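One structure is given below, encoded as C-alpha cells.
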Amino acid sequence: MPATRTNGERIVGVGAMCVSNTGERLVAHALGSCLGVAVFDPVARVGGLLHVPLPASTDDRERSRGRPLEYVDTGVPALFRDCYRLGASKARLRVAVAGGASAGDATADGFQIGKRNLIMLRKLLWKNGILIHAHDVGGTRVWRTLSLDLATGRVWLRTPDREGEL
C-alpha cells in the first residue's frame, strides 16, 4: 500500500513506506506493536519512513512475497535501498524508531509481536553496522505517531502524554 497525501503530509499506512527528497513531511500513525522506522541523510536531504507490523517474512513466505513491506527483515532493507537510490549514504543516515509496544502482560500478548519486531530490527541493523540515533520503543504504550520532516530531518513523536522531537 502506498503512502497517501493528507493536508500536506504523506501518511504512511501499515505495511507501507515512503522515500523522498522533496522536503515533505511523512507520518505513521497508531504505532503499537508496529514499528515506525525513519531514516534521513542530512547531506543528500533524502529520507524515508516505514510502518512495519511483523518481524519475519519466514513466518509466511507466500504472503511475504507479495507484501515485503509488512516484515522487518524485508521492509527495512527495502527502505535503505530506496534511500540509497536517491543518493543517501549509509555512513550519514540517521535512524529513529518508535513503536514495538506490548499489549500488556504475557498472557494478553502471547505472540509478543512488538518485542519480536524490535529484536529483528536491532539484529538487522547491528549486522549492517547501523546505529539507532533516537527511539521510543517497547513498553505498553500502544499509541504513538512518528513523523519525519524531510525539509529539516527532524523526527517528531506524539503520544497521549507527550509531543516533541525524538
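For the C-alpha cells, the naming scheme is as follows: chains receive sequential letters (A, B, ...) according to their order of presentation, residues are indexed from 1 within each chain, and ligands are indexed from 1 in presentation order.
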
Strand (DSSP E or B) per DSSP on the backbone: members of stretch 7-145 of chain A, as JSON, numbers by chain: {"A": [9, 10, 11, 16, 17, 18, 19, 20, 25, 26, 27, 28, 35, 36, 37, 38, 39, 40, 41, 46, 47, 48, 49, 50, 51, 52, 54, 71, 94, 95, 96, 97, 98, 99, 134, 135, 136, 137, 145]}

For A:Gly153: contacts at 12 Å, only C-alpha atoms, fewer than 5 positions along chain excluded, given as a list in words: Ser20, Asn21, Thr22, Gly23, Glu24, Arg25, Leu26, Ala38, Val39, Phe40, Asp41, Pro42, Val43, Ala44, Arg45, Val46, Gly47, Gly48, Leu49, Arg92, Leu93, Arg94, Val95, Ala96, Ser147, Leu148, Glu165 and Leu166 of chain A

Just to be explicit: take each residue in the selection above, keep C-alpha atoms, and write the result as a short mmCIF file (atom, residue, chain, number, x, y, z; two decimals), in the first residue's frame.
```
data_model
loop_
_atom_site.label_atom_id
_atom_site.label_comp_id
_atom_site.auth_asym_id
_atom_site.auth_seq_id
_atom_site.Cartn_x
_atom_site.Cartn_y
_atom_site.Cartn_z
CA SER A 20 11.61 11.11 -0.86
CA ASN A 21 13.96 14.02 -1.41
CA THR A 22 11.24 16.65 -1.83
CA GLY A 23 11.14 18.14 1.66
CA GLU A 24 7.69 16.88 2.59
CA ARG A 25 6.52 15.51 5.95
CA LEU A 26 5.99 11.76 6.38
CA ALA A 38 12.57 6.81 9.96
CA VAL A 39 15.88 7.37 8.16
CA PHE A 40 17.41 10.63 6.96
CA ASP A 41 20.64 11.69 5.25
CA PRO A 42 21.25 15.36 6.13
CA VAL A 43 23.70 15.94 3.27
CA ALA A 44 21.72 14.36 0.43
CA ARG A 45 18.43 15.57 2.03
CA VAL A 46 16.93 12.12 1.43
CA GLY A 47 14.82 10.22 3.88
CA GLY A 48 12.08 7.71 4.33
CA LEU A 49 9.58 6.22 6.72
CA ARG A 92 25.38 9.62 7.07
CA LEU A 93 21.99 8.04 7.68
CA ARG A 94 20.32 8.87 10.97
CA VAL A 95 17.81 6.30 12.18
CA ALA A 96 14.87 6.90 14.53
CA SER A 147 6.74 11.90 11.76
CA LEU A 148 9.78 12.84 9.71
CA GLU A 165 11.27 15.94 18.94
CA LEU A 166 12.63 12.42 19.21
#
```

Selection near A:Asn128, 12 Å with only C-alpha atoms, sequence-local residues under 3 positions removed, as number ranges by chain: A: 76-77, 80, 90-91, 121-125, 131-132

Would you export the selected residues with N, CA and C atoms as a PDB file, in the first residue's frame, please?
```
ATOM      1  N   VAL A  76      12.783  -3.237   5.992  1.00  0.00           N
ATOM      2  CA  VAL A  76      13.877  -2.332   6.346  1.00  0.00           C
ATOM      3  C   VAL A  76      14.952  -2.298   5.259  1.00  0.00           C
ATOM      4  N   PRO A  77      15.385  -3.445   4.718  1.00  0.00           N
ATOM      5  CA  PRO A  77      16.344  -3.361   3.601  1.00  0.00           C
ATOM      6  C   PRO A  77      15.783  -2.602   2.397  1.00  0.00           C
ATOM      7  N   PHE A  80      16.156   1.166   3.101  1.00  0.00           N
ATOM      8  CA  PHE A  80      17.531   1.630   2.915  1.00  0.00           C
ATOM      9  C   PHE A  80      17.916   1.647   1.435  1.00  0.00           C
ATOM     10  N   LYS A  90      25.056   5.426   3.520  1.00  0.00           N
ATOM     11  CA  LYS A  90      24.911   4.643   4.752  1.00  0.00           C
ATOM     12  C   LYS A  90      25.608   5.323   5.925  1.00  0.00           C
ATOM     13  N   ALA A  91      26.775   5.883   5.697  1.00  0.00           N
ATOM     14  CA  ALA A  91      27.557   6.496   6.776  1.00  0.00           C
ATOM     15  C   ALA A  91      26.884   7.737   7.364  1.00  0.00           C
ATOM     16  N   LEU A 121      14.704  -5.912  14.212  1.00  0.00           N
ATOM     17  CA  LEU A 121      15.288  -4.657  13.726  1.00  0.00           C
ATOM     18  C   LEU A 121      16.701  -4.474  14.252  1.00  0.00           C
ATOM     19  N   ARG A 122      16.884  -4.674  15.545  1.00  0.00           N
ATOM     20  CA  ARG A 122      18.223  -4.486  16.127  1.00  0.00           C
ATOM     21  C   ARG A 122      19.243  -5.450  15.537  1.00  0.00           C
ATOM     22  N   LYS A 123      18.846  -6.699  15.335  1.00  0.00           N
ATOM     23  CA  LYS A 123      19.757  -7.674  14.702  1.00  0.00           C
ATOM     24  C   LYS A 123      20.146  -7.226  13.307  1.00  0.00           C
ATOM     25  N   LEU A 124      19.151  -6.828  12.540  1.00  0.00           N
ATOM     26  CA  LEU A 124      19.380  -6.421  11.156  1.00  0.00           C
ATOM     27  C   LEU A 124      20.305  -5.209  11.078  1.00  0.00           C
ATOM     28  N   LEU A 125      20.034  -4.212  11.898  1.00  0.00           N
ATOM     29  CA  LEU A 125      20.881  -3.014  11.882  1.00  0.00           C
ATOM     30  C   LEU A 125      22.287  -3.325  12.382  1.00  0.00           C
ATOM     31  N   LEU A 131      23.559   2.284  13.434  1.00  0.00           N
ATOM     32  CA  LEU A 131      23.114   2.623  14.777  1.00  0.00           C
ATOM     33  C   LEU A 131      21.745   3.289  14.754  1.00  0.00           C
ATOM     34  N   ILE A 132      20.985   3.089  15.822  1.00  0.00           N
ATOM     35  CA  ILE A 132      19.749   3.826  16.029  1.00  0.00           C
ATOM     36  C   ILE A 132      20.115   5.093  16.794  1.00  0.00           C
TER      37      ILE A 132
END
```

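Of the listed residues A:Leu157, A:Val27, A:Ala78, A:Leu54, the one whose atoms come nearest to A:Phe111 is A:Leu54, with distances taken using only C-alpha atoms.
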
Picked from stretch 1-162 of chain A by DSSP as alpha helix (DSSP H), as an MDAnalysis selection string: chainID A and resid 61:66 72:85 113:127

May I have the residues from that selection written out with N, CA and C atoms, as a short mmCIF file (atom, residue, chain, number, x, y, z; two decimals), in the first residue's frame?
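Everything below was put into result-v8.cif:
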```cif
data_model
loop_
_atom_site.label_atom_id
_atom_site.label_comp_id
_atom_site.auth_asym_id
_atom_site.auth_seq_id
_atom_site.Cartn_x
_atom_site.Cartn_y
_atom_site.Cartn_z
N ARG A 61 6.01 -17.23 4.10
CA ARG A 61 6.78 -16.92 2.87
C ARG A 61 5.88 -16.52 1.70
N GLU A 62 4.75 -17.19 1.54
CA GLU A 62 3.87 -16.87 0.41
C GLU A 62 3.34 -15.44 0.52
N ARG A 63 2.84 -15.09 1.68
CA ARG A 63 2.32 -13.74 1.89
C ARG A 63 3.43 -12.70 1.76
N SER A 64 4.60 -13.00 2.29
CA SER A 64 5.69 -12.02 2.29
C SER A 64 6.19 -11.71 0.89
N ARG A 65 6.05 -12.64 -0.06
CA ARG A 65 6.47 -12.34 -1.43
C ARG A 65 5.67 -11.19 -2.03
N GLY A 66 4.39 -11.14 -1.72
CA GLY A 66 3.54 -10.08 -2.25
C GLY A 66 3.50 -8.83 -1.39
N VAL A 72 9.78 -6.74 9.03
CA VAL A 72 11.00 -6.02 9.35
C VAL A 72 12.17 -6.51 8.50
N ASP A 73 12.32 -7.84 8.37
CA ASP A 73 13.50 -8.38 7.69
C ASP A 73 13.53 -8.13 6.19
N THR A 74 12.40 -7.77 5.58
CA THR A 74 12.39 -7.43 4.15
C THR A 74 12.07 -5.95 3.92
N GLY A 75 11.27 -5.35 4.80
CA GLY A 75 10.89 -3.94 4.64
C GLY A 75 12.02 -2.98 4.94
N VAL A 76 12.78 -3.24 5.99
CA VAL A 76 13.88 -2.33 6.35
C VAL A 76 14.95 -2.30 5.26
N PRO A 77 15.39 -3.45 4.72
CA PRO A 77 16.34 -3.36 3.60
C PRO A 77 15.78 -2.60 2.40
N ALA A 78 14.49 -2.75 2.12
CA ALA A 78 13.88 -2.00 1.02
C ALA A 78 13.93 -0.50 1.28
N LEU A 79 13.67 -0.09 2.51
CA LEU A 79 13.74 1.32 2.90
C LEU A 79 15.14 1.88 2.64
N PHE A 80 16.16 1.17 3.10
CA PHE A 80 17.53 1.63 2.91
C PHE A 80 17.92 1.65 1.44
N ARG A 81 17.56 0.60 0.69
CA ARG A 81 17.89 0.56 -0.75
C ARG A 81 17.28 1.74 -1.49
N ASP A 82 16.01 2.05 -1.20
CA ASP A 82 15.36 3.16 -1.89
C ASP A 82 16.00 4.50 -1.52
N CYS A 83 16.43 4.65 -0.27
CA CYS A 83 17.15 5.87 0.12
C CYS A 83 18.48 5.98 -0.61
N TYR A 84 19.19 4.87 -0.72
CA TYR A 84 20.48 4.86 -1.43
C TYR A 84 20.29 5.24 -2.89
N ARG A 85 19.21 4.76 -3.51
CA ARG A 85 18.93 5.09 -4.92
C ARG A 85 18.74 6.59 -5.14
N ILE A 113 4.60 -9.64 19.51
CA ILE A 113 4.97 -9.08 18.20
C ILE A 113 5.86 -7.85 18.34
N GLY A 114 5.51 -6.93 19.23
CA GLY A 114 6.31 -5.72 19.39
C GLY A 114 7.74 -6.04 19.77
N LYS A 115 7.91 -6.92 20.74
CA LYS A 115 9.25 -7.32 21.18
C LYS A 115 10.01 -8.01 20.05
N ARG A 116 9.34 -8.89 19.33
CA ARG A 116 9.99 -9.59 18.22
C ARG A 116 10.36 -8.63 17.09
N ASN A 117 9.52 -7.63 16.85
CA ASN A 117 9.85 -6.61 15.84
C ASN A 117 11.14 -5.88 16.22
N LEU A 118 11.24 -5.49 17.48
CA LEU A 118 12.44 -4.77 17.95
C LEU A 118 13.69 -5.64 17.85
N ILE A 119 13.57 -6.89 18.25
CA ILE A 119 14.72 -7.80 18.18
C ILE A 119 15.18 -7.96 16.74
N MET A 120 14.23 -8.17 15.84
CA MET A 120 14.57 -8.34 14.42
C MET A 120 15.24 -7.08 13.88
N LEU A 121 14.70 -5.91 14.21
CA LEU A 121 15.29 -4.66 13.73
C LEU A 121 16.70 -4.47 14.25
N ARG A 122 16.88 -4.67 15.54
CA ARG A 122 18.22 -4.49 16.13
C ARG A 122 19.24 -5.45 15.54
N LYS A 123 18.85 -6.70 15.34
CA LYS A 123 19.76 -7.67 14.70
C LYS A 123 20.15 -7.23 13.31
N LEU A 124 19.15 -6.83 12.54
CA LEU A 124 19.38 -6.42 11.16
C LEU A 124 20.30 -5.21 11.08
N LEU A 125 20.03 -4.21 11.90
CA LEU A 125 20.88 -3.01 11.88
C LEU A 125 22.29 -3.33 12.38
N TRP A 126 22.38 -4.12 13.45
CA TRP A 126 23.69 -4.49 14.00
C TRP A 126 24.53 -5.22 12.96
N LYS A 127 23.93 -6.18 12.25
CA LYS A 127 24.67 -6.94 11.23
C LYS A 127 25.18 -6.04 10.12
#
```
